[in-house]
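J.: final-v8.txt is the file, holding compact mmCIF, C-alpha atoms and all ligand atoms:
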```
# COMPACT_ATOMS: atom_id res chain seq x y z
CA MET A 1 0.00 0.00 0.00
CA SER A 2 1.34 3.41 -0.84
CA ARG A 3 -0.62 5.89 -2.92
CA GLN A 4 -3.75 5.81 -0.77
CA ALA A 5 -2.16 4.38 2.38
CA ASP A 6 -3.47 7.17 4.63
CA VAL A 7 -7.04 6.44 3.63
CA LEU A 8 -6.75 2.66 3.69
CA THR A 9 -5.28 2.54 7.19
CA MET A 10 -7.37 5.30 8.79
CA PRO A 11 -8.31 4.55 12.40
CA ARG A 12 -11.88 3.25 12.78
CA GLU A 13 -13.07 6.38 14.62
CA LYS A 14 -11.85 8.52 11.74
CA ILE A 15 -13.58 6.33 9.15
CA GLU A 16 -16.84 6.55 11.08
CA GLN A 17 -16.51 10.30 11.37
CA VAL A 18 -15.99 10.58 7.58
CA GLN A 19 -19.00 8.29 7.09
CA LEU A 20 -21.25 10.31 9.36
CA GLU A 21 -20.39 13.53 7.57
CA GLY A 22 -20.95 11.83 4.21
CA LEU A 23 -24.27 10.36 5.32
CA ARG A 24 -25.59 13.71 6.52
CA LYS A 25 -24.46 15.47 3.36
CA THR A 26 -25.92 12.78 1.08
CA ALA A 27 -29.29 12.57 2.85
CA VAL A 28 -29.72 16.34 2.71
CA HIS A 29 -28.54 16.47 -0.92
CA CYS A 30 -31.07 13.79 -1.89
CA TYR A 31 -33.87 15.50 0.04
CA GLU A 32 -33.24 18.97 -1.34
CA ASP A 33 -32.25 18.17 -4.90
CA ILE A 34 -34.15 15.03 -5.92
CA PRO A 35 -37.97 15.13 -5.71
CA PHE A 36 -38.23 11.33 -5.46
CA TYR A 37 -36.25 11.30 -2.20
CA HIS A 38 -38.06 14.36 -0.87
CA LYS A 39 -41.33 12.52 -1.21
CA SER A 40 -40.13 9.12 0.03
CA PHE A 41 -38.37 10.61 3.10
CA ASP A 42 -41.48 12.61 3.98
CA GLU A 43 -43.71 9.57 3.56
CA ALA A 44 -41.45 7.51 5.82
CA GLY A 45 -41.24 10.31 8.39
CA PHE A 46 -37.46 10.44 7.94
CA ASP A 47 -35.93 13.83 8.67
CA PRO A 48 -32.54 14.05 6.90
CA TYR A 49 -31.49 16.98 9.11
CA SER A 50 -31.85 14.87 12.27
CA ILE A 51 -29.03 12.39 11.60
CA LYS A 52 -26.80 12.09 14.69
CA SER A 53 -25.21 8.67 14.28
CA LEU A 54 -24.55 6.14 11.52
CA ASP A 55 -27.38 3.98 12.86
CA ASP A 56 -29.81 6.75 11.98
CA VAL A 57 -29.56 5.56 8.37
CA ARG A 58 -31.87 2.73 9.47
CA ARG A 59 -34.74 5.20 9.75
CA ALA A 60 -34.48 6.03 6.04
CA PRO A 61 -36.64 4.14 3.54
CA PHE A 62 -35.08 1.70 1.07
CA VAL A 63 -34.70 2.47 -2.61
CA THR A 64 -35.03 -0.36 -5.13
CA LYS A 65 -33.99 -1.04 -8.68
CA GLN A 66 -37.63 -0.54 -9.68
CA ASP A 67 -37.52 3.00 -8.22
CA LEU A 68 -34.49 3.69 -10.38
CA ARG A 69 -36.22 2.33 -13.45
CA ASP A 70 -39.37 4.34 -12.74
CA ASN A 71 -37.27 7.51 -12.72
CA TYR A 72 -35.47 6.80 -15.99
CA PRO A 73 -33.68 8.66 -17.48
CA TYR A 74 -32.72 11.72 -15.37
CA GLY A 75 -35.25 11.57 -12.51
CA LEU A 76 -32.73 10.63 -9.82
CA VAL A 77 -29.88 12.83 -11.00
CA GLY A 78 -29.13 15.34 -8.27
CA VAL A 79 -27.10 17.91 -10.21
CA ASP A 80 -27.60 20.25 -13.13
CA ARG A 81 -27.37 18.39 -16.43
CA LYS A 82 -24.44 20.53 -17.54
CA ASP A 83 -22.39 19.25 -14.57
CA VAL A 84 -22.85 15.64 -15.67
CA ARG A 85 -19.66 14.49 -17.44
CA GLU A 86 -20.51 10.87 -18.12
CA VAL A 87 -23.47 8.53 -18.04
CA HIS A 88 -23.54 4.74 -17.73
CA MET A 89 -26.50 2.40 -17.87
CA SER A 90 -27.24 -1.09 -16.64
CA SER A 91 -27.99 -3.72 -19.23
CA GLY A 92 -31.73 -3.47 -18.53
CA THR A 93 -32.74 -7.08 -19.14
CA THR A 94 -36.40 -6.19 -18.61
CA GLY A 95 -36.35 -3.34 -21.09
CA VAL A 96 -35.86 -0.25 -18.93
CA ALA A 97 -32.31 0.56 -17.94
CA THR A 98 -31.07 2.22 -14.78
CA VAL A 99 -28.82 5.24 -15.13
CA ALA A 100 -25.67 6.20 -13.27
CA ALA A 101 -24.45 9.76 -13.87
CA TYR A 102 -21.07 11.14 -12.87
CA THR A 103 -19.74 14.63 -12.26
CA GLU A 104 -16.03 15.38 -12.51
CA HIS A 105 -15.79 14.71 -8.76
CA ASP A 106 -17.66 11.39 -9.09
CA LEU A 107 -15.32 10.18 -11.84
CA LYS A 108 -12.31 10.98 -9.68
CA ALA A 109 -13.80 9.11 -6.70
CA TRP A 110 -14.59 6.13 -8.95
CA SER A 111 -11.00 6.05 -10.23
CA GLU A 112 -9.65 6.10 -6.69
CA CYS A 113 -11.96 3.33 -5.50
CA PHE A 114 -11.04 1.05 -8.39
CA GLU A 115 -7.37 1.91 -8.01
CA ARG A 116 -7.39 0.29 -4.56
CA ALA A 117 -7.27 -3.07 -6.32
CA PHE A 118 -3.85 -2.00 -7.59
CA GLU A 119 -2.79 -0.86 -4.13
CA PHE A 120 -3.79 -4.21 -2.63
CA ALA A 121 -2.09 -6.13 -5.44
CA GLY A 122 1.10 -4.09 -5.17
CA ALA A 123 0.71 -3.01 -8.81
CA GLY A 124 1.40 0.42 -10.25
CA PRO A 125 3.51 2.36 -12.76
CA GLU A 126 5.75 -0.60 -13.51
CA ASP A 127 2.78 -2.66 -14.69
CA VAL A 128 1.03 -3.19 -18.01
CA CYS A 129 -2.75 -3.68 -17.74
CA GLN A 130 -4.73 -5.49 -20.35
CA ILE A 131 -8.35 -4.42 -19.94
CA CYS A 132 -10.69 -6.86 -21.62
CA TYR A 133 -13.89 -5.86 -19.89
CA GLY A 134 -16.31 -4.53 -22.52
CA TYR A 135 -15.99 -0.77 -22.92
CA GLY A 136 -19.18 1.22 -23.29
CA LEU A 137 -22.27 1.75 -21.15
CA PHE A 138 -21.30 -1.20 -18.93
CA THR A 139 -19.30 0.20 -16.00
CA GLY A 140 -16.69 -2.60 -16.10
CA GLY A 141 -14.58 -1.33 -18.99
CA LEU A 142 -14.26 2.35 -18.14
CA GLY A 143 -14.15 1.70 -14.39
CA ALA A 144 -11.12 -0.53 -14.93
CA HIS A 145 -9.71 2.03 -17.35
CA TYR A 146 -9.93 4.97 -14.94
CA GLY A 147 -8.67 2.90 -12.01
CA SER A 148 -5.72 1.61 -14.00
CA LEU A 149 -4.77 5.08 -15.22
CA GLN A 150 -5.01 6.33 -11.64
CA SER A 151 -2.47 3.67 -10.58
CA GLY A 152 0.08 5.00 -13.04
CA ALA A 153 0.20 1.72 -14.96
CA THR A 154 0.36 1.41 -18.75
CA VAL A 155 -3.11 0.67 -20.09
CA ILE A 156 -3.99 -1.50 -23.07
CA PRO A 157 -7.73 -0.83 -23.70
CA ILE A 158 -8.27 -3.92 -25.82
CA SER A 159 -11.90 -4.47 -24.63
CA ALA A 160 -13.64 -7.85 -24.79
CA GLY A 161 -13.58 -10.38 -27.60
CA ASN A 162 -11.15 -11.64 -30.26
CA THR A 163 -9.57 -14.09 -27.85
CA GLU A 164 -6.69 -15.09 -30.12
CA ARG A 165 -5.63 -11.47 -30.33
CA GLN A 166 -5.91 -11.21 -26.53
CA ILE A 167 -3.53 -14.15 -26.25
CA ARG A 168 -1.06 -12.63 -28.72
CA VAL A 169 -1.09 -9.33 -26.81
CA LEU A 170 -0.70 -11.11 -23.46
CA ARG A 171 2.43 -12.83 -24.78
CA GLU A 172 3.94 -9.98 -26.77
CA MET A 173 3.14 -6.83 -24.80
CA GLY A 174 4.18 -8.25 -21.45
CA SER A 175 0.82 -7.60 -19.76
CA THR A 176 1.13 -8.11 -15.99
CA VAL A 177 -2.42 -7.21 -14.92
CA LEU A 178 -5.46 -8.83 -16.52
CA GLU A 179 -8.82 -7.13 -16.03
CA CYS A 180 -11.96 -8.93 -17.20
CA THR A 181 -14.75 -11.16 -15.91
CA PRO A 182 -13.51 -14.39 -14.30
CA SER A 183 -15.26 -16.48 -16.92
CA TYR A 184 -13.53 -14.60 -19.72
CA ALA A 185 -10.16 -15.10 -18.00
CA MET A 186 -10.87 -18.84 -17.94
CA HIS A 187 -11.86 -18.72 -21.62
CA ILE A 188 -8.59 -16.99 -22.48
CA ALA A 189 -6.64 -19.62 -20.52
CA ASP A 190 -8.46 -22.54 -22.14
CA THR A 191 -8.20 -21.08 -25.63
CA ALA A 192 -4.46 -20.56 -25.14
CA LEU A 193 -4.04 -24.14 -24.00
CA ALA A 194 -6.03 -25.38 -27.01
CA MET A 195 -3.69 -23.35 -29.26
CA GLY A 196 -0.69 -25.07 -27.72
CA VAL A 197 0.32 -22.01 -25.68
CA ASP A 198 1.02 -22.60 -21.99
CA PRO A 199 -0.20 -19.38 -20.35
CA ALA A 200 1.49 -20.23 -17.05
CA LYS A 201 4.86 -20.06 -18.84
CA GLU A 202 4.33 -17.76 -21.81
CA PHE A 203 2.22 -14.99 -20.25
CA HIS A 204 3.73 -12.52 -17.77
CA LEU A 205 0.75 -12.03 -15.49
CA LYS A 206 1.07 -11.05 -11.82
CA VAL A 207 -2.54 -10.38 -10.95
CA GLY A 208 -6.07 -10.61 -12.32
CA ILE A 209 -8.75 -8.14 -11.22
CA HIS A 210 -11.91 -10.03 -11.91
CA GLY A 211 -15.44 -8.90 -11.15
CA ALA A 212 -18.98 -8.52 -12.52
CA GLU A 213 -19.69 -12.20 -11.80
CA ALA A 214 -19.68 -14.37 -8.71
CA PHE A 215 -17.09 -17.15 -8.81
CA SER A 216 -16.19 -19.96 -6.43
CA ASP A 217 -12.91 -20.56 -4.64
CA ASN A 218 -12.36 -23.67 -6.76
CA PHE A 219 -12.77 -21.60 -9.90
CA ARG A 220 -10.26 -19.11 -8.53
CA ARG A 221 -7.71 -21.83 -7.78
CA GLU A 222 -8.06 -23.26 -11.27
CA LEU A 223 -7.57 -19.81 -12.84
CA GLU A 224 -4.53 -19.14 -10.68
CA ARG A 225 -3.01 -22.47 -11.64
CA LYS A 226 -3.62 -22.04 -15.38
CA LEU A 227 -2.48 -18.42 -15.60
CA ASN A 228 0.12 -18.48 -12.83
CA TYR A 229 -1.07 -15.27 -11.15
CA LYS A 230 -3.13 -14.03 -8.19
CA VAL A 231 -6.86 -13.47 -8.64
CA LEU A 232 -8.52 -10.59 -6.80
CA ASP A 233 -12.27 -10.10 -6.70
CA ILE A 234 -13.79 -6.66 -7.23
CA TYR A 235 -17.40 -5.70 -6.58
CA GLY A 236 -19.71 -2.89 -7.51
CA LEU A 237 -22.85 -2.26 -9.48
CA THR A 238 -24.05 0.38 -11.89
CA GLN A 239 -26.60 1.71 -9.40
CA THR A 240 -23.90 2.55 -6.87
CA GLY A 241 -21.39 3.87 -9.40
CA GLY A 242 -19.71 0.77 -10.82
CA PRO A 243 -16.88 -1.54 -9.76
CA GLY A 244 -14.74 -0.45 -6.81
CA LEU A 245 -17.35 -0.43 -4.04
CA ALA A 246 -15.37 -3.28 -2.48
CA VAL A 247 -12.06 -4.83 -3.45
CA GLU A 248 -10.21 -7.91 -2.31
CA CYS A 249 -6.68 -7.73 -0.90
CA LEU A 250 -3.97 -10.37 -1.25
CA GLU A 251 -5.27 -12.15 1.85
CA GLN A 252 -8.16 -13.26 -0.43
CA ASN A 253 -10.37 -13.28 2.60
CA GLY A 254 -13.21 -10.89 1.85
CA LEU A 255 -13.47 -7.60 -0.02
CA HIS A 256 -12.61 -4.32 1.70
CA ILE A 257 -15.47 -1.84 1.33
CA ALA A 258 -14.39 1.66 0.27
CA GLU A 259 -15.90 2.88 3.53
CA ASP A 260 -14.99 6.51 2.97
CA HIS A 261 -17.34 6.40 -0.04
CA PHE A 262 -20.00 3.86 0.91
CA LEU A 263 -22.02 2.90 3.99
CA CYS A 264 -22.99 -0.78 3.80
CA GLU A 265 -25.63 -2.65 5.76
CA VAL A 266 -26.73 -6.27 5.51
CA ILE A 267 -30.44 -6.87 5.99
CA ASP A 268 -32.79 -9.80 6.21
CA PRO A 269 -34.35 -9.62 2.72
CA ALA A 270 -37.67 -10.91 4.03
CA THR A 271 -38.13 -8.47 6.93
CA GLY A 272 -35.80 -5.56 6.12
CA GLU A 273 -34.20 -5.83 9.59
CA VAL A 274 -30.49 -5.01 9.80
CA LEU A 275 -28.51 -8.17 10.63
CA PRO A 276 -25.51 -8.42 12.95
CA ASP A 277 -22.02 -8.77 11.45
CA GLY A 278 -21.32 -12.28 10.24
CA GLU A 279 -24.89 -13.09 9.19
CA TRP A 280 -25.78 -13.60 5.55
CA GLY A 281 -28.34 -11.31 3.97
CA GLU A 282 -28.93 -8.64 1.36
CA LEU A 283 -26.39 -5.87 0.90
CA VAL A 284 -27.82 -2.36 1.19
CA VAL A 285 -25.67 0.56 0.08
CA THR A 286 -25.70 4.27 0.81
CA THR A 287 -23.26 6.43 -1.15
CA LEU A 288 -21.42 9.02 0.92
CA ASP A 289 -19.99 11.48 -1.57
CA ARG A 290 -21.66 10.98 -4.92
CA GLN A 291 -22.99 14.16 -6.47
CA ALA A 292 -24.80 13.14 -9.65
CA SER A 293 -26.39 9.79 -8.68
CA PRO A 294 -26.44 9.47 -4.90
CA VAL A 295 -28.42 6.60 -3.36
CA VAL A 296 -29.70 6.17 0.18
CA ARG A 297 -30.24 2.55 1.25
CA TYR A 298 -30.16 0.98 -2.18
CA ARG A 299 -31.22 -2.68 -2.04
CA THR A 300 -28.68 -4.50 -4.20
CA ARG A 301 -30.37 -7.94 -4.01
CA ASP A 302 -26.84 -9.33 -3.68
CA ILE A 303 -26.20 -11.76 -0.86
CA THR A 304 -23.18 -11.32 1.36
CA ARG A 305 -22.27 -10.69 5.00
CA ILE A 306 -20.05 -8.25 6.86
CA LEU A 307 -16.95 -10.12 8.02
CA PRO A 308 -16.20 -9.39 11.65
CA GLY A 309 -12.64 -8.72 12.76
CA GLU A 310 -9.57 -7.08 11.27
CA CYS A 311 -7.76 -8.10 8.12
CA ALA A 312 -4.12 -9.18 8.31
CA CYS A 313 -3.25 -6.83 5.41
CA GLY A 314 -3.52 -3.79 7.68
CA CYS A 315 -6.38 -2.10 5.83
CA THR A 316 -8.87 -0.81 8.41
CA HIS A 317 -11.92 -0.76 6.13
CA ARG A 318 -14.41 -3.49 6.93
CA ARG A 319 -14.89 -6.41 4.57
CA ILE A 320 -17.84 -8.08 2.93
CA ASP A 321 -17.68 -11.75 2.07
CA ARG A 322 -17.62 -12.86 -1.54
CA LEU A 323 -21.02 -12.66 -3.16
CA GLN A 324 -23.34 -15.65 -2.73
CA GLY A 325 -25.94 -15.09 -5.42
CA ARG A 326 -29.10 -13.01 -5.45
CA THR A 327 -32.01 -12.60 -3.07
CA ASP A 328 -34.32 -13.59 -5.92
CA ASP A 329 -33.06 -17.14 -5.39
CA MET A 330 -33.57 -17.18 -1.63
CA LEU A 331 -35.67 -19.87 0.02
CA ILE A 332 -37.24 -19.68 3.44
CA ILE A 333 -37.22 -23.13 5.03
CA ARG A 334 -38.78 -23.31 8.51
CA GLY A 335 -38.13 -19.61 8.91
CA VAL A 336 -34.45 -19.86 8.01
CA ASN A 337 -33.15 -18.02 4.94
CA VAL A 338 -31.33 -20.43 2.64
CA PHE A 339 -29.49 -19.56 -0.55
CA PRO A 340 -28.93 -22.24 -3.20
CA SER A 341 -25.30 -21.12 -3.46
CA GLN A 342 -24.76 -22.16 0.18
CA ILE A 343 -26.00 -25.63 -0.70
CA GLU A 344 -23.72 -25.70 -3.76
CA ASN A 345 -20.75 -24.75 -1.62
CA VAL A 346 -21.39 -27.68 0.71
CA MET A 347 -21.80 -30.12 -2.16
CA LYS A 348 -18.54 -29.01 -3.73
CA THR A 349 -16.72 -30.49 -0.75
CA PHE A 350 -17.99 -33.99 -1.62
CA ASP A 351 -16.13 -35.70 -4.47
CA GLU A 352 -18.75 -38.45 -4.66
CA VAL A 353 -21.50 -36.17 -6.05
CA SER A 354 -21.87 -33.98 -9.14
CA SER A 355 -23.03 -30.37 -9.19
CA TRP A 356 -26.45 -31.37 -10.52
CA TYR A 357 -29.09 -31.08 -7.86
CA GLN A 358 -32.68 -30.16 -7.22
CA ILE A 359 -34.37 -29.06 -4.01
CA GLU A 360 -37.93 -30.18 -3.45
CA LEU A 361 -40.01 -28.36 -0.87
CA THR A 362 -43.11 -29.97 0.63
CA THR A 363 -45.10 -29.64 3.82
CA LYS A 364 -45.69 -32.29 6.46
CA ASN A 365 -47.69 -31.61 9.62
CA TYR A 366 -47.58 -27.90 8.78
CA LEU A 367 -43.79 -27.90 8.70
CA ASP A 368 -41.57 -27.37 5.69
CA VAL A 369 -39.67 -30.40 4.48
CA ALA A 370 -36.74 -29.81 2.17
CA THR A 371 -35.30 -32.69 0.17
CA LEU A 372 -32.11 -32.29 -1.79
CA LYS A 373 -31.79 -34.62 -4.72
CA VAL A 374 -28.22 -34.85 -5.84
CA GLU A 375 -26.63 -36.92 -8.58
CA ALA A 376 -23.89 -39.34 -7.67
CA ASN A 377 -20.77 -39.17 -9.81
CA PRO A 378 -20.53 -42.00 -12.38
CA ASP A 379 -17.65 -43.65 -10.53
CA PHE A 380 -19.54 -43.82 -7.24
CA ASP A 381 -21.04 -47.25 -6.58
CA ILE A 382 -24.71 -46.34 -6.21
CA ASP A 383 -25.75 -49.98 -5.83
CA SER A 384 -23.89 -50.32 -2.59
CA THR A 385 -26.65 -49.52 -0.07
CA GLY A 386 -24.50 -49.00 2.98
CA ALA A 387 -22.26 -46.57 1.14
CA ILE A 388 -25.21 -44.48 -0.10
CA GLU A 389 -26.73 -44.14 3.32
CA GLU A 390 -23.43 -43.25 4.87
CA LEU A 391 -22.79 -40.57 2.22
CA GLN A 392 -26.31 -39.15 2.56
CA ARG A 393 -25.80 -38.87 6.31
CA ARG A 394 -22.50 -37.07 5.88
CA ILE A 395 -23.94 -34.56 3.39
CA GLN A 396 -26.93 -33.98 5.66
CA ALA A 397 -24.66 -33.27 8.62
CA ALA A 398 -22.56 -30.83 6.57
CA LEU A 399 -25.70 -29.02 5.36
CA LYS A 400 -27.04 -28.77 8.89
CA THR A 401 -23.80 -27.17 10.06
CA ALA A 402 -23.68 -24.71 7.16
CA LEU A 403 -27.37 -23.73 7.00
CA SER A 404 -28.68 -24.28 10.54
CA VAL A 405 -31.68 -26.10 9.14
CA GLY A 406 -32.26 -29.78 8.41
CA ILE A 407 -32.38 -30.87 4.77
CA ARG A 408 -32.94 -34.47 3.71
CA VAL A 409 -30.51 -35.76 1.15
CA ARG A 410 -31.39 -38.31 -1.51
CA LEU A 411 -28.67 -39.58 -3.78
CA VAL A 412 -29.88 -40.27 -7.33
CA GLU A 413 -28.28 -41.83 -10.39
CA PRO A 414 -26.06 -39.82 -12.72
CA MET A 415 -27.99 -37.89 -15.41
CA SER A 416 -31.35 -38.60 -13.74
CA ILE A 417 -32.21 -34.98 -12.91
CA GLN A 418 -33.85 -33.27 -15.85
CA ARG A 419 -31.66 -30.92 -17.90
CA SER A 420 -33.11 -27.83 -19.49
CA GLU A 421 -31.65 -25.64 -22.19
CA GLY A 422 -32.06 -22.42 -20.26
CA LYS A 423 -31.45 -21.90 -16.59
CA ALA A 424 -31.38 -25.12 -14.57
CA LYS A 425 -34.54 -25.75 -12.53
CA ARG A 426 -33.05 -26.03 -9.07
CA ILE A 427 -36.10 -25.52 -6.89
CA VAL A 428 -39.39 -27.42 -6.99
CA ASP A 429 -41.68 -25.76 -4.46
CA LEU A 430 -44.74 -27.91 -3.79
CA ARG A 431 -45.61 -26.31 -0.46
CA GLY A 432 -48.61 -24.37 -1.77
CA GLU A 433 -50.10 -27.59 -3.17
CA ASN A 434 -50.08 -29.36 0.19
CA LEU A 435 -52.22 -26.67 1.72
CA LYS A 436 -55.20 -27.39 -0.52
ZN ZN A 501 -7.12 -7.10 3.67
```
Represent the structure of the file as structure tokens.
Ligand SMILES: [Zn+2]
T.:
Amino acid sequence: MSRQADVLTMPREKIEQVQLEGLRKTAVHCYEDIPFYHKSFDEAGFDPYSIKSLDDVRRAPFVTKQDLRDNYPYGLVGVDRKDVREVHMSSGTTGVATVAAYTEHDLKAWSECFERAFEFAGAGPEDVCQICYGYGLFTGGLGAHYGSLQSGATVIPISAGNTERQIRVLREMGSTVLECTPSYAMHIADTALAMGVDPAKEFHLKVGIHGAEAFSDNFRRELERKLNYKVLDIYGLTQTGGPGLAVECLEQNGLHIAEDHFLCEVIDPATGEVLPDGEWGELVVTTLDRQASPVVRYRTRDITRILPGECACGCTHRRIDRLQGRTDDMLIIRGVNVFPSQIENVMKTFDEVSSWYQIELTTKNYLDVATLKVEANPDFDIDSTGAIEELQRRIQAALKTALSVGIRVRLVEPMSIQRSEGKAKRIVDLRGENLK
């Protein structure tokens, strides 16, 4: 750490003081300059001038992606149009996009937040960055671009696609930092291997800054092995200003939130209650110094938790855990929130089963019953009864420990769970039917 060392190692009291000032400023800015917030604060009885502590944010109403869509295009922009330097938009899978606008100040803050990935990685002016995130309205490309420039590194803005050219450039230009989605990094590695190029030997990579997608620890290890570099996760979303909201350090043990720019809470997505540190729930974000597109309590629908304790790297900003999917996928089993990704993580630790599974939910005596059907791997002897029962018991015990709720496990034959061309059907909820 060097360029932003003062900020990254600020004492906790100082961080909280910066956050409180930022929260007050942002709440008042939203109230006075954006009619949507004026109305929603009034309706919720939230007085933005009354904020005395960080916990007072809990009195403010949430803002959702739908609110952002409803105010497309400029409805939630809090500055004069002529002060807006740049605009990004989310992909808008349902038709209406959400807009993120940036003033000069906002672009500078964005650059600094993204640049922290370089600080954590120990990268800077001596490095060559190959940016193969897509440039354009998507915040990945230009976020990486601004952050990389801020670090003093040499930037190759190659953008996504044309994988053979990416491989040529990686070999010939001496790129040391690779910036793209984790799946594209894997595609580059596999394509190189298929071309007879060993990326571990012929590339010069030190670090990969990979975000915009959730990826597992196994995936990370495989990438690191194939490309012979360190993989750091970066998080952010268009609605909060793009990548850089939180960045992983070399400890690879959670992502440090840029707490001088963002106030993060984790809530129970079903009740909206703020959860204690360490508990999984939905990430809610309040920006602390954005001018053009501030948000107060934006519900990200992303699942994570605040990691308690200090990080060995010396950075004093709190960490969130790596993302565990979306609230849209959440199940409530006997009152306990369960995310399919948690189940997947448990199953990954068992070599005897594949990643194909289905969860069936039924009701018995008014209680939820969850049954996990999971395919045995072809080399597992499914005809050996004792072995099946023993394995089912072990998986059940591991699930109970990880989820704090009992799930029955039923091992099924390989390829017996139905495949679909689109998204896999993981959940079969029959609970409503039992009530008839
Ligand atoms: Zn750290």
J.: Any chance you could work out the axis-aligned box around region 411-419 of chain A, listed atoms only, 8 Å on each side, giving centre and edge lengths in Å to one decimal, as AutoDock Vina command-line options?
T.:
```
--center_x -30.0 --center_y -36.4 --center_z -10.8 --size_x 23.8 --size_y 26.9 --size_z 30.1
```
J.: From the options A:Glu282, A:Glu179, A:Asp106, A:Asp429, which residue's atoms come nearest to Phe339 (chain A), counting only C-alpha atoms?
T.: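 For Phe339 (chain A), the nearest of the given residues is A:Glu282.
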J.: Find the spatial neighbours of Phe138 (chain A), counting all atoms listed in the file, within a cut-off of 12 Å - ignore same-chain residues fewer than 2 positions away - and output them as a list in words.
T.: Val87, His88, Met89, Ser90, Ser91, Gly92, Ala97, Thr98, Val99, Ala100, Tyr133, Gly134, Tyr135, Gly136, Gly140, Gly141, Leu142, Gly143, Ala144, Ser159, Ala160, Ala212, Gly236, Leu237, Thr238, Gln239, Gly241, Gly242 and Pro243 of chain A
J.: What does the structure give for the distance between CA of Ala117 (chain A) and CA of Val247 (chain A), in Å to one decimal?
T.: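 CA of Val247 (chain A) lies 5.9 Å from CA of Ala117 (chain A).
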J.: Using all atoms listed in the file, can you tell me which of A:Thr64, A:Thr316, A:Gln418, A:Ser53 comes closest to ligand ZN 501 (chain A)?
T.: A:Thr316
J.: Which residues are near ligand ZN 501 (chain A) in this structure, taking near to mean any atom at most 10 Å from a ligand atom and counting only C-alpha atoms and all ligand atoms? Format them as a short mmCIF file (atom, residue, chain, number, x, y, z; two decimals) with C-alpha atoms, in the coordinates of the input.
T.:
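What landed in pocket-v6.cif:
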```cif
data_model
loop_
_atom_site.label_atom_id
_atom_site.label_comp_id
_atom_site.auth_asym_id
_atom_site.auth_seq_id
_atom_site.Cartn_x
_atom_site.Cartn_y
_atom_site.Cartn_z
CA LEU A 8 -6.75 2.66 3.69
CA PHE A 120 -3.79 -4.21 -2.63
CA VAL A 247 -12.06 -4.83 -3.45
CA GLU A 248 -10.21 -7.91 -2.31
CA CYS A 249 -6.68 -7.73 -0.90
CA LEU A 250 -3.97 -10.37 -1.25
CA GLU A 251 -5.27 -12.15 1.85
CA GLN A 252 -8.16 -13.26 -0.43
CA ASN A 253 -10.37 -13.28 2.60
CA GLY A 254 -13.21 -10.89 1.85
CA LEU A 255 -13.47 -7.60 -0.02
CA HIS A 256 -12.61 -4.32 1.70
CA GLU A 310 -9.57 -7.08 11.27
CA CYS A 311 -7.76 -8.10 8.12
CA ALA A 312 -4.12 -9.18 8.31
CA CYS A 313 -3.25 -6.83 5.41
CA GLY A 314 -3.52 -3.79 7.68
CA CYS A 315 -6.38 -2.10 5.83
CA THR A 316 -8.87 -0.81 8.41
CA HIS A 317 -11.92 -0.76 6.13
CA ARG A 318 -14.41 -3.49 6.93
CA ARG A 319 -14.89 -6.41 4.57
#
```
J.: With only C-alpha atoms as the counted atoms, please give the residues lying no more than 8 Å from region 274-277 of chain A, apart from itself and same-chain residues fewer than 5 positions off, as an NGL selection string.
T.: :A and (58 or 265-268 or 305-308)
J.: Given the choices A:Leu76, A:Tyr146, A:Val155, A:Ala370, which gets closest to Cys30 (chain A) if the distance is worked out from all atoms listed in the file?
T.: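 Counting all atoms listed in the file, the residue closest to Cys30 (chain A) is A:Leu76.
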J.: Using all atoms listed in the file, which protein or nucleic acid residues come within 10 Å of Ser416 (chain A)? Drop anything in the same chain fewer than 3 positions from it, and give the result as number ranges by chain.
T.: A: 356-357, 373-376, 412-413, 419
J.: Would you mind exporting the chosen residues as an mmCIF file, keeping the file's coordinate frame, restricted to C-alpha atoms?
T.:
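Below you can see result07.cif, which holds the result:
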```cif
data_model
loop_
_atom_site.group_PDB
_atom_site.id
_atom_site.type_symbol
_atom_site.label_atom_id
_atom_site.label_comp_id
_atom_site.auth_asym_id
_atom_site.auth_seq_id
_atom_site.Cartn_x
_atom_site.Cartn_y
_atom_site.Cartn_z
ATOM 1 C CA TRP A 356 -26.450 -31.370 -10.520
ATOM 2 C CA TYR A 357 -29.090 -31.080 -7.860
ATOM 3 C CA LYS A 373 -31.790 -34.620 -4.720
ATOM 4 C CA VAL A 374 -28.220 -34.850 -5.840
ATOM 5 C CA GLU A 375 -26.630 -36.920 -8.580
ATOM 6 C CA ALA A 376 -23.890 -39.340 -7.670
ATOM 7 C CA VAL A 412 -29.880 -40.270 -7.330
ATOM 8 C CA GLU A 413 -28.280 -41.830 -10.390
ATOM 9 C CA ARG A 419 -31.660 -30.920 -17.900
#
```
J.: What lies within 12 Å of Phe380 (chain A) using all atoms listed in the file, ignoring chain neighbours under 5 positions off, as a PDB file with C-alpha atoms, in the frame of the given file?
T.:
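selection_4.pdb, freshly written:
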```pdb
ATOM      1  CA  PHE A 350     -17.990 -33.990  -1.620  1.00  0.00           C
ATOM      2  CA  ASP A 351     -16.130 -35.700  -4.470  1.00  0.00           C
ATOM      3  CA  GLU A 352     -18.750 -38.450  -4.660  1.00  0.00           C
ATOM      4  CA  VAL A 353     -21.500 -36.170  -6.050  1.00  0.00           C
ATOM      5  CA  SER A 354     -21.870 -33.980  -9.140  1.00  0.00           C
ATOM      6  CA  GLU A 375     -26.630 -36.920  -8.580  1.00  0.00           C
ATOM      7  CA  THR A 385     -26.650 -49.520  -0.070  1.00  0.00           C
ATOM      8  CA  ALA A 387     -22.260 -46.570   1.140  1.00  0.00           C
ATOM      9  CA  ILE A 388     -25.210 -44.480  -0.100  1.00  0.00           C
ATOM     10  CA  LEU A 391     -22.790 -40.570   2.220  1.00  0.00           C
ATOM     11  CA  LEU A 411     -28.670 -39.580  -3.780  1.00  0.00           C
ATOM     12  CA  VAL A 412     -29.880 -40.270  -7.330  1.00  0.00           C
ATOM     13  CA  GLU A 413     -28.280 -41.830 -10.390  1.00  0.00           C
ATOM     14  CA  PRO A 414     -26.060 -39.820 -12.720  1.00  0.00           C
TER      15      PRO A 414
END
```
